[in-house]
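Here is structure07.pdb, consisting of PDB, C-alpha atoms, pLDDT in the B column:
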```pdb
ATOM      1  CA  MET A1047    -142.072  93.125 -62.718  1.00 46.00           C
ATOM      2  CA  LYS A1048    -141.177  96.710 -63.605  1.00 50.00           C
ATOM      3  CA  ARG A1049    -137.899  98.069 -62.299  1.00 52.00           C
ATOM      4  CA  GLY A1050    -137.399 101.645 -61.196  1.00 51.00           C
ATOM      5  CA  PHE A1051    -134.129 103.509 -61.133  1.00 51.00           C
ATOM      6  CA  PHE A1052    -133.191 102.555 -57.561  1.00 51.00           C
ATOM      7  CA  PHE A1053    -135.729  99.896 -56.641  1.00 48.00           C
ATOM      8  CA  LYS A1054    -138.383  97.563 -58.009  1.00 49.00           C
ATOM      9  CA  ILE A1055    -141.671  99.342 -58.581  1.00 47.00           C
ATOM     10  CA  ASN A1056    -144.666  98.038 -56.583  1.00 51.00           C
ATOM     11  CA  SER A1057    -142.646  95.236 -55.008  1.00 50.00           C
ATOM     12  CA  LYS A1058    -142.286  96.426 -51.423  1.00 58.00           C
ATOM     13  CA  PRO A1059    -144.092  98.734 -49.052  1.00 68.00           C
ATOM     14  CA  PHE A1060    -143.011 102.355 -48.923  1.00 64.00           C
ATOM     15  CA  TYR A1061    -141.027 101.860 -45.708  1.00 67.00           C
ATOM     16  CA  ASP A1062    -138.807  99.215 -47.334  1.00 73.00           C
ATOM     17  CA  LYS A1063    -138.256 101.463 -50.343  1.00 73.00           C
ATOM     18  CA  LEU A1064    -137.330 104.266 -47.974  1.00 71.00           C
ATOM     19  CA  LYS A1065    -134.733 102.032 -46.297  1.00 76.00           C
ATOM     20  CA  ARG A1066    -133.215 101.209 -49.687  1.00 80.00           C
ATOM     21  CA  LEU A1067    -133.221 104.885 -50.630  1.00 78.00           C
ATOM     22  CA  HIS A1068    -131.387 105.623 -47.352  1.00 79.00           C
ATOM     23  CA  LEU A1069    -128.775 103.008 -48.242  1.00 84.00           C
ATOM     24  CA  VAL A1070    -128.147 104.424 -51.725  1.00 87.00           C
ATOM     25  CA  ASN A1071    -128.163 107.998 -50.457  1.00 85.00           C
ATOM     26  CA  GLY A1072    -125.803 107.055 -47.616  1.00 86.00           C
ATOM     27  CA  PHE A1073    -123.358 105.559 -50.100  1.00 92.00           C
ATOM     28  CA  LEU A1074    -123.513 108.681 -52.291  1.00 92.00           C
ATOM     29  CA  VAL A1075    -123.063 111.009 -49.317  1.00 90.00           C
ATOM     30  CA  PHE A1076    -120.104 108.977 -48.040  1.00 91.00           C
ATOM     31  CA  THR A1077    -118.546 109.096 -51.520  1.00 94.00           C
ATOM     32  CA  ILE A1078    -119.017 112.844 -51.931  1.00 93.00           C
ATOM     33  CA  ILE A1079    -117.600 113.526 -48.438  1.00 90.00           C
ATOM     34  CA  LEU A1080    -114.558 111.372 -49.222  1.00 92.00           C
ATOM     35  CA  CYS A1081    -114.035 113.197 -52.534  1.00 92.00           C
ATOM     36  CA  GLY A1082    -114.419 116.529 -50.752  1.00 90.00           C
ATOM     37  CA  PHE A1083    -111.721 115.605 -48.233  1.00 89.00           C
ATOM     38  CA  PHE A1084    -109.366 114.690 -51.073  1.00 90.00           C
ATOM     39  CA  LEU A1085    -110.122 118.011 -52.751  1.00 88.00           C
ATOM     40  CA  ILE A1086    -109.290 120.138 -49.696  1.00 87.00           C
ATOM     41  CA  THR A1087    -106.191 118.218 -48.623  1.00 89.00           C
ATOM     42  CA  PRO A1088    -103.083 120.237 -49.629  1.00 90.00           C
ATOM     43  CA  PHE A1089    -100.853 117.141 -49.798  1.00 90.00           C
ATOM     44  CA  PHE A1090    -103.195 115.418 -52.228  1.00 87.00           C
ATOM     45  CA  GLU A1091    -103.503 118.588 -54.285  1.00 84.00           C
ATOM     46  CA  GLU A1092     -99.715 118.876 -54.675  1.00 88.00           C
ATOM     47  CA  ALA A1093     -98.952 115.179 -55.077  1.00 87.00           C
ATOM     48  CA  TYR A1094    -101.663 114.219 -57.577  1.00 86.00           C
ATOM     49  CA  PRO A1095    -102.880 117.271 -59.525  1.00 86.00           C
ATOM     50  CA  SER A1096    -104.266 115.288 -62.486  1.00 87.00           C
ATOM     51  CA  LEU A1097    -106.085 112.854 -60.196  1.00 91.00           C
ATOM     52  CA  ARG A1098    -107.464 115.837 -58.290  1.00 89.00           C
ATOM     53  CA  TYR A1099    -109.020 117.097 -61.533  1.00 89.00           C
ATOM     54  CA  ALA A1100    -110.782 113.745 -62.056  1.00 92.00           C
ATOM     55  CA  ILE A1101    -111.943 113.632 -58.436  1.00 93.00           C
ATOM     56  CA  LYS A1102    -113.327 117.160 -58.723  1.00 91.00           C
ATOM     57  CA  HIS A1103    -115.469 116.155 -61.691  1.00 93.00           C
ATOM     58  CA  PHE A1104    -116.530 112.939 -59.947  1.00 95.00           C
ATOM     59  CA  HIS A1105    -117.503 115.134 -56.964  1.00 94.00           C
ATOM     60  CA  TYR A1106    -119.691 117.232 -59.307  1.00 93.00           C
ATOM     61  CA  PHE A1107    -121.255 114.072 -60.737  1.00 95.00           C
ATOM     62  CA  ILE A1108    -122.103 112.656 -57.292  1.00 95.00           C
ATOM     63  CA  GLY A1109    -123.568 116.049 -56.305  1.00 92.00           C
ATOM     64  CA  ALA A1110    -125.790 115.938 -59.399  1.00 93.00           C
ATOM     65  CA  LEU A1111    -126.910 112.399 -58.484  1.00 93.00           C
ATOM     66  CA  ILE A1112    -127.786 113.523 -54.961  1.00 90.00           C
ATOM     67  CA  LEU A1113    -129.766 116.428 -56.430  1.00 90.00           C
ATOM     68  CA  LEU A1114    -131.631 113.991 -58.691  1.00 90.00           C
ATOM     69  CA  MET A1115    -132.406 111.756 -55.712  1.00 87.00           C
ATOM     70  CA  ILE A1116    -133.794 114.770 -53.840  1.00 85.00           C
ATOM     71  CA  LEU A1117    -135.935 115.718 -56.827  1.00 87.00           C
ATOM     72  CA  PHE A1118    -137.263 112.137 -57.123  1.00 83.00           C
ATOM     73  CA  TYR A1119    -137.887 112.101 -53.360  1.00 80.00           C
ATOM     74  CA  LEU A1120    -139.847 115.376 -53.165  1.00 82.00           C
ATOM     75  CA  PRO A1121    -143.131 113.883 -54.471  1.00 82.00           C
ATOM     76  CA  LYS A1122    -142.897 111.205 -51.735  1.00 77.00           C
ATOM     77  CA  ILE A1123    -142.013 113.591 -48.891  1.00 77.00           C
ATOM     78  CA  LYS A1124    -145.635 113.705 -47.711  1.00 76.00           C
ATOM     79  CA  SER A1125    -145.686 109.905 -47.312  1.00 72.00           C
ATOM     80  CA  HIS A1126    -142.349 109.996 -45.505  1.00 70.00           C
ATOM     81  CA  LEU A1127    -143.512 112.664 -43.084  1.00 73.00           C
ATOM     82  CA  GLN A1128    -146.731 110.735 -42.398  1.00 72.00           C
ATOM     83  CA  ILE A1129    -144.890 107.605 -41.207  1.00 68.00           C
ATOM     84  CA  MET A1130    -142.599 109.640 -38.949  1.00 69.00           C
ATOM     85  CA  GLN A1131    -143.722 110.170 -35.379  1.00 67.00           C
ATOM     86  CA  THR A1132    -141.158 112.878 -34.602  1.00 70.00           C
ATOM     87  CA  GLY A1133    -138.428 114.755 -36.414  1.00 71.00           C
ATOM     88  CA  LYS A1134    -140.412 116.209 -39.293  1.00 75.00           C
ATOM     89  CA  PHE A1135    -138.600 119.509 -38.839  1.00 80.00           C
ATOM     90  CA  LYS A1136    -135.246 117.690 -39.144  1.00 80.00           C
ATOM     91  CA  VAL A1137    -136.188 116.264 -42.550  1.00 79.00           C
ATOM     92  CA  ILE A1138    -137.006 119.726 -43.873  1.00 82.00           C
ATOM     93  CA  LEU A1139    -133.857 121.197 -42.291  1.00 85.00           C
ATOM     94  CA  VAL A1140    -131.646 118.517 -43.843  1.00 83.00           C
ATOM     95  CA  LEU A1141    -133.256 119.050 -47.246  1.00 84.00           C
ATOM     96  CA  VAL A1142    -132.663 122.808 -46.991  1.00 89.00           C
ATOM     97  CA  LEU A1143    -129.037 122.231 -45.945  1.00 89.00           C
ATOM     98  CA  LEU A1144    -128.485 119.710 -48.746  1.00 88.00           C
ATOM     99  CA  LEU A1145    -129.958 122.053 -51.335  1.00 89.00           C
ATOM    100  CA  SER A1146    -127.891 124.978 -50.058  1.00 93.00           C
ATOM    101  CA  MET A1147    -124.785 122.801 -50.229  1.00 92.00           C
ATOM    102  CA  ILE A1148    -125.615 121.704 -53.779  1.00 91.00           C
ATOM    103  CA  ILE A1149    -126.417 125.239 -54.940  1.00 93.00           C
ATOM    104  CA  SER A1150    -123.257 126.655 -53.373  1.00 94.00           C
ATOM    105  CA  GLY A1151    -121.246 123.759 -54.846  1.00 92.00           C
ATOM    106  CA  PHE A1152    -122.692 124.469 -58.280  1.00 92.00           C
ATOM    107  CA  THR A1153    -121.763 128.131 -57.825  1.00 93.00           C
ATOM    108  CA  LEU A1154    -118.225 127.185 -56.769  1.00 91.00           C
ATOM    109  CA  GLY A1155    -117.802 124.802 -59.678  1.00 89.00           C
ATOM    110  CA  PHE A1156    -119.206 126.874 -62.479  1.00 90.00           C
ATOM    111  CA  LEU A1157    -119.647 130.521 -61.447  1.00 90.00           C
ATOM    112  CA  ALA A1158    -116.742 131.278 -59.084  1.00 87.00           C
ATOM    113  CA  LYS A1159    -114.229 132.279 -61.789  1.00 87.00           C
ATOM    114  CA  PRO A1160    -116.463 134.719 -63.712  1.00 88.00           C
ATOM    115  CA  PHE A1161    -117.877 136.172 -60.460  1.00 90.00           C
ATOM    116  CA  PRO A1162    -115.168 136.106 -57.718  1.00 91.00           C
ATOM    117  CA  VAL A1163    -117.324 137.770 -55.050  1.00 93.00           C
ATOM    118  CA  LEU A1164    -120.081 135.234 -55.649  1.00 93.00           C
ATOM    119  CA  GLY A1165    -117.460 132.486 -55.398  1.00 92.00           C
ATOM    120  CA  LYS A1166    -116.317 133.736 -51.980  1.00 93.00           C
ATOM    121  CA  ILE A1167    -119.885 133.858 -50.676  1.00 94.00           C
ATOM    122  CA  ALA A1168    -120.566 130.388 -52.073  1.00 94.00           C
ATOM    123  CA  LEU A1169    -117.423 129.052 -50.381  1.00 91.00           C
ATOM    124  CA  ILE A1170    -118.565 130.403 -47.013  1.00 94.00           C
ATOM    125  CA  VAL A1171    -122.035 128.875 -47.490  1.00 95.00           C
ATOM    126  CA  HIS A1172    -120.564 125.557 -48.687  1.00 93.00           C
ATOM    127  CA  ASP A1173    -118.142 125.313 -45.755  1.00 91.00           C
ATOM    128  CA  THR A1174    -120.767 126.333 -43.193  1.00 93.00           C
ATOM    129  CA  THR A1175    -123.321 123.808 -44.419  1.00 93.00           C
ATOM    130  CA  PHE A1176    -120.584 121.178 -44.580  1.00 91.00           C
ATOM    131  CA  PHE A1177    -119.661 121.681 -40.919  1.00 91.00           C
ATOM    132  CA  ILE A1178    -123.330 121.547 -39.900  1.00 92.00           C
ATOM    133  CA  LEU A1179    -124.433 118.710 -42.166  1.00 89.00           C
ATOM    134  CA  VAL A1180    -121.581 116.200 -41.965  1.00 87.00           C
ATOM    135  CA  PRO A1181    -121.649 115.731 -38.161  1.00 90.00           C
ATOM    136  CA  TYR A1182    -125.432 115.405 -38.313  1.00 88.00           C
ATOM    137  CA  ILE A1183    -125.219 112.846 -41.131  1.00 86.00           C
ATOM    138  CA  LEU A1184    -122.668 110.791 -39.186  1.00 87.00           C
ATOM    139  CA  TYR A1185    -124.886 110.936 -36.079  1.00 88.00           C
ATOM    140  CA  HIS A1186    -127.952 110.015 -38.150  1.00 84.00           C
ATOM    141  CA  ALA A1187    -126.165 107.087 -39.786  1.00 83.00           C
ATOM    142  CA  ALA A1188    -124.931 105.706 -36.458  1.00 87.00           C
ATOM    143  CA  THR A1189    -128.319 105.987 -34.759  1.00 86.00           C
ATOM    144  CA  LYS A1190    -130.131 104.546 -37.805  1.00 80.00           C
ATOM    145  CA  ILE A1191    -127.809 101.531 -37.882  1.00 81.00           C
ATOM    146  CA  LEU A1192    -128.317 100.931 -34.158  1.00 87.00           C
ATOM    147  CA  PHE A1193    -132.096 101.318 -34.558  1.00 81.00           C
ATOM    148  CA  LEU A1194    -132.218  98.847 -37.450  1.00 77.00           C
ATOM    149  CA  LYS A1195    -130.075  96.330 -35.532  1.00 83.00           C
ATOM    150  CA  LYS A1196    -132.385  96.631 -32.519  1.00 85.00           C
ATOM    151  CA  GLN A1197    -135.425  96.239 -34.765  1.00 81.00           C
ATOM    152  CA  LYS A1198    -133.948  93.119 -36.386  1.00 81.00           C
ATOM    153  CA  VAL A1199    -133.199  91.575 -32.967  1.00 84.00           C
ATOM    154  CA  GLU A1200    -136.790  92.259 -31.870  1.00 84.00           C
ATOM    155  CA  GLU A1201    -138.163  90.674 -35.060  1.00 81.00           C
ATOM    156  CA  THR A1202    -135.930  87.632 -34.560  1.00 83.00           C
ATOM    157  CA  ASN A1203    -137.092  87.292 -30.935  1.00 83.00           C
ATOM    158  CA  LYS A1204    -140.754  87.498 -32.045  1.00 81.00           C
ATOM    159  CA  GLU A1205    -140.162  84.754 -34.632  1.00 80.00           C
ATOM    160  CA  LEU A1206    -138.456  82.537 -32.044  1.00 80.00           C
ATOM    161  CA  LYS A1207    -141.344  82.991 -29.586  1.00 80.00           C
ATOM    162  CA  ALA A1208    -143.972  82.195 -32.227  1.00 68.00           C
TER     163      ALA A1208
END
```
Would you mind writing the file's structure down as structure tokens?
Amino acid sequence: MKRGFFFKINSKPFYDKLKRLHLVNGFLVFTIILCGFFLITPFFEEAYPSLRYAIKHFHYFIGALILLMILFYLPKIKSHLQIMQTGKFKVILVLVLLLSMIISGFTLGFLAKPFPVLGKIALIVHDTTFFILVPYILYHAATKILFLKKQKVEETNKELKA
């Protein structure tokens, strides 16, 4: 059986692959948020400057992985939107916010020193998208976990009745 980058190819229906993609993406998003908090904490910046440098580059790496996941996901977005009953606008909004966060992060990481004005604009965009996206991601994760638990209980009850 062929293996893909994040899942086995042609082994499960699209919905199961989407759940696995959510799990991997959730882990990456949690990791990048944690790194971001370490990067903006003044105590951590003063206490561990060399570790901060490593975390900053790890933060860039995780951002690049998230961008790659988005690029691999884009061809499947039509299938994803077809299985959704509601919330299609939210998927597009989250993708736009994620891409704006990644683009502004790239600008902060690589273009802020040569172009200080661009760096200031990118910081405002990065912070704004952060404060919009992170609460939504936490809400989405909590509701998704509760939904999956409820779905599993219903499946277990159906199996017990059968």
For region 1077-1088 of chain A, list every protein, DNA or RNA residue within 7 Å, evaluated using all atoms listed in the file, and leave out those in the same chain fewer than 5 positions away; present the list as number ranges by chain.
A: 1098, 1101-1102, 1105, 1108
Atomic separation - CA of Ala1188 (chain A) relative to CA of Thr1175 (chain A), Å
19.8 Å
Could you give me, as a PyMOL selection string, the residues within 12 Å of region 1074-1076 of chain A, counting only C-alpha atoms and dropping anything in the same chain fewer than 3 positions from it?
chain A and resi 1067-1071+1079-1083+1104-1115+1144+1147-1148+1176+1179-1180+1183-1184+1187
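Pairwise distance (CA of Phe1135 (chain A), CA of Leu1169 (chain A)) equals 25.9 Å.
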Do a neighbour search on Val1171 (chain A) at 12 Å with all atoms listed in the file, toss out local chain neighbours closer than 4 positions, and write the hits as JSON, numbers by chain.
{"A": [1143, 1144, 1145, 1146, 1147, 1148, 1149, 1150, 1151, 1152, 1153, 1154, 1164, 1165, 1166, 1167, 1175, 1176, 1177, 1178, 1179]}
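Interatomic distance, CA of Val1142 (chain A) against CA of Gly1072 (chain A): 17.2 Å.
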As an mmCIF file, in the coordinates of the input, please: region 1135-1146 of chain A completed to all heavy atoms.
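Final file, out03.cif:
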```cif
data_model
loop_
_atom_site.group_PDB
_atom_site.id
_atom_site.type_symbol
_atom_site.label_atom_id
_atom_site.label_comp_id
_atom_site.auth_asym_id
_atom_site.auth_seq_id
_atom_site.Cartn_x
_atom_site.Cartn_y
_atom_site.Cartn_z
ATOM 1 N N PHE A 1135 -139.377 118.289 -38.628
ATOM 2 C CA PHE A 1135 -138.600 119.509 -38.839
ATOM 3 C C PHE A 1135 -137.187 119.164 -39.305
ATOM 4 O O PHE A 1135 -136.625 119.864 -40.155
ATOM 5 C CB PHE A 1135 -138.557 120.331 -37.545
ATOM 6 C CG PHE A 1135 -137.647 121.514 -37.624
ATOM 7 C CD1 PHE A 1135 -138.015 122.639 -38.356
ATOM 8 C CD2 PHE A 1135 -136.410 121.514 -36.999
ATOM 9 C CE1 PHE A 1135 -137.175 123.735 -38.449
ATOM 10 C CE2 PHE A 1135 -135.565 122.604 -37.081
ATOM 11 C CZ PHE A 1135 -135.953 123.721 -37.809
ATOM 12 N N LYS A 1136 -136.610 118.068 -38.766
ATOM 13 C CA LYS A 1136 -135.246 117.690 -39.144
ATOM 14 C C LYS A 1136 -135.160 117.313 -40.615
ATOM 15 O O LYS A 1136 -134.173 117.622 -41.281
ATOM 16 C CB LYS A 1136 -134.756 116.529 -38.273
ATOM 17 C CG LYS A 1136 -134.423 116.931 -36.861
ATOM 18 C CD LYS A 1136 -133.747 115.819 -36.110
ATOM 19 C CE LYS A 1136 -134.770 114.892 -35.531
ATOM 20 N NZ LYS A 1136 -134.238 113.856 -34.685
ATOM 21 N N VAL A 1137 -136.193 116.646 -41.141
ATOM 22 C CA VAL A 1137 -136.188 116.264 -42.550
ATOM 23 C C VAL A 1137 -136.148 117.514 -43.428
ATOM 24 O O VAL A 1137 -135.352 117.596 -44.369
ATOM 25 C CB VAL A 1137 -137.422 115.397 -42.893
ATOM 26 C CG1 VAL A 1137 -137.532 115.168 -44.388
ATOM 27 C CG2 VAL A 1137 -137.363 114.078 -42.157
ATOM 28 N N ILE A 1138 -136.976 118.481 -43.100
ATOM 29 C CA ILE A 1138 -137.006 119.726 -43.873
ATOM 30 C C ILE A 1138 -135.679 120.472 -43.740
ATOM 31 O O ILE A 1138 -135.130 120.970 -44.727
ATOM 32 C CB ILE A 1138 -138.181 120.624 -43.417
ATOM 33 C CG1 ILE A 1138 -139.511 119.884 -43.523
ATOM 34 C CG2 ILE A 1138 -138.213 121.933 -44.186
ATOM 35 C CD1 ILE A 1138 -139.874 119.415 -44.904
ATOM 36 N N LEU A 1139 -135.138 120.521 -42.516
ATOM 37 C CA LEU A 1139 -133.857 121.197 -42.291
ATOM 38 C C LEU A 1139 -132.736 120.544 -43.094
ATOM 39 O O LEU A 1139 -131.933 121.225 -43.739
ATOM 40 C CB LEU A 1139 -133.505 121.196 -40.805
ATOM 41 C CG LEU A 1139 -132.180 121.848 -40.426
ATOM 42 C CD1 LEU A 1139 -132.216 123.336 -40.744
ATOM 43 C CD2 LEU A 1139 -131.861 121.620 -38.966
ATOM 44 N N VAL A 1140 -132.681 119.222 -43.088
ATOM 45 C CA VAL A 1140 -131.646 118.517 -43.843
ATOM 46 C C VAL A 1140 -131.817 118.761 -45.337
ATOM 47 O O VAL A 1140 -130.825 118.973 -46.052
ATOM 48 C CB VAL A 1140 -131.647 117.006 -43.499
ATOM 49 C CG1 VAL A 1140 -130.802 116.222 -44.479
ATOM 50 C CG2 VAL A 1140 -131.166 116.792 -42.087
ATOM 51 N N LEU A 1141 -133.040 118.764 -45.823
ATOM 52 C CA LEU A 1141 -133.256 119.050 -47.246
ATOM 53 C C LEU A 1141 -132.805 120.469 -47.602
ATOM 54 O O LEU A 1141 -132.166 120.672 -48.634
ATOM 55 C CB LEU A 1141 -134.731 118.872 -47.607
ATOM 56 C CG LEU A 1141 -135.195 117.439 -47.798
ATOM 57 C CD1 LEU A 1141 -136.698 117.399 -48.030
ATOM 58 C CD2 LEU A 1141 -134.469 116.773 -48.949
ATOM 59 N N VAL A 1142 -133.099 121.427 -46.740
ATOM 60 C CA VAL A 1142 -132.663 122.808 -46.991
ATOM 61 C C VAL A 1142 -131.134 122.888 -46.979
ATOM 62 O O VAL A 1142 -130.527 123.529 -47.850
ATOM 63 C CB VAL A 1142 -133.285 123.776 -45.956
ATOM 64 C CG1 VAL A 1142 -132.630 125.139 -45.999
ATOM 65 C CG2 VAL A 1142 -134.775 123.895 -46.185
ATOM 66 N N LEU A 1143 -130.498 122.220 -46.006
ATOM 67 C CA LEU A 1143 -129.037 122.231 -45.945
ATOM 68 C C LEU A 1143 -128.424 121.544 -47.163
ATOM 69 O O LEU A 1143 -127.440 122.030 -47.734
ATOM 70 C CB LEU A 1143 -128.548 121.578 -44.656
ATOM 71 C CG LEU A 1143 -128.761 122.387 -43.381
ATOM 72 C CD1 LEU A 1143 -128.440 121.543 -42.156
ATOM 73 C CD2 LEU A 1143 -127.937 123.648 -43.390
ATOM 74 N N LEU A 1144 -128.997 120.407 -47.558
ATOM 75 C CA LEU A 1144 -128.485 119.710 -48.746
ATOM 76 C C LEU A 1144 -128.617 120.572 -49.993
ATOM 77 O O LEU A 1144 -127.682 120.669 -50.803
ATOM 78 C CB LEU A 1144 -129.227 118.388 -48.948
ATOM 79 C CG LEU A 1144 -128.753 117.205 -48.146
ATOM 80 C CD1 LEU A 1144 -129.711 116.035 -48.334
ATOM 81 C CD2 LEU A 1144 -127.356 116.788 -48.546
ATOM 82 N N LEU A 1145 -129.767 121.198 -50.154
ATOM 83 C CA LEU A 1145 -129.958 122.053 -51.335
ATOM 84 C C LEU A 1145 -129.041 123.267 -51.305
ATOM 85 O O LEU A 1145 -128.505 123.666 -52.349
ATOM 86 C CB LEU A 1145 -131.422 122.469 -51.448
ATOM 87 C CG LEU A 1145 -132.378 121.354 -51.865
ATOM 88 C CD1 LEU A 1145 -133.817 121.837 -51.819
ATOM 89 C CD2 LEU A 1145 -132.036 120.824 -53.245
ATOM 90 N N SER A 1146 -128.820 123.844 -50.117
ATOM 91 C CA SER A 1146 -127.891 124.978 -50.058
ATOM 92 C C SER A 1146 -126.468 124.530 -50.351
ATOM 93 O O SER A 1146 -125.705 125.254 -50.991
ATOM 94 C CB SER A 1146 -127.980 125.695 -48.710
ATOM 95 O OG SER A 1146 -127.541 124.860 -47.679
#
```
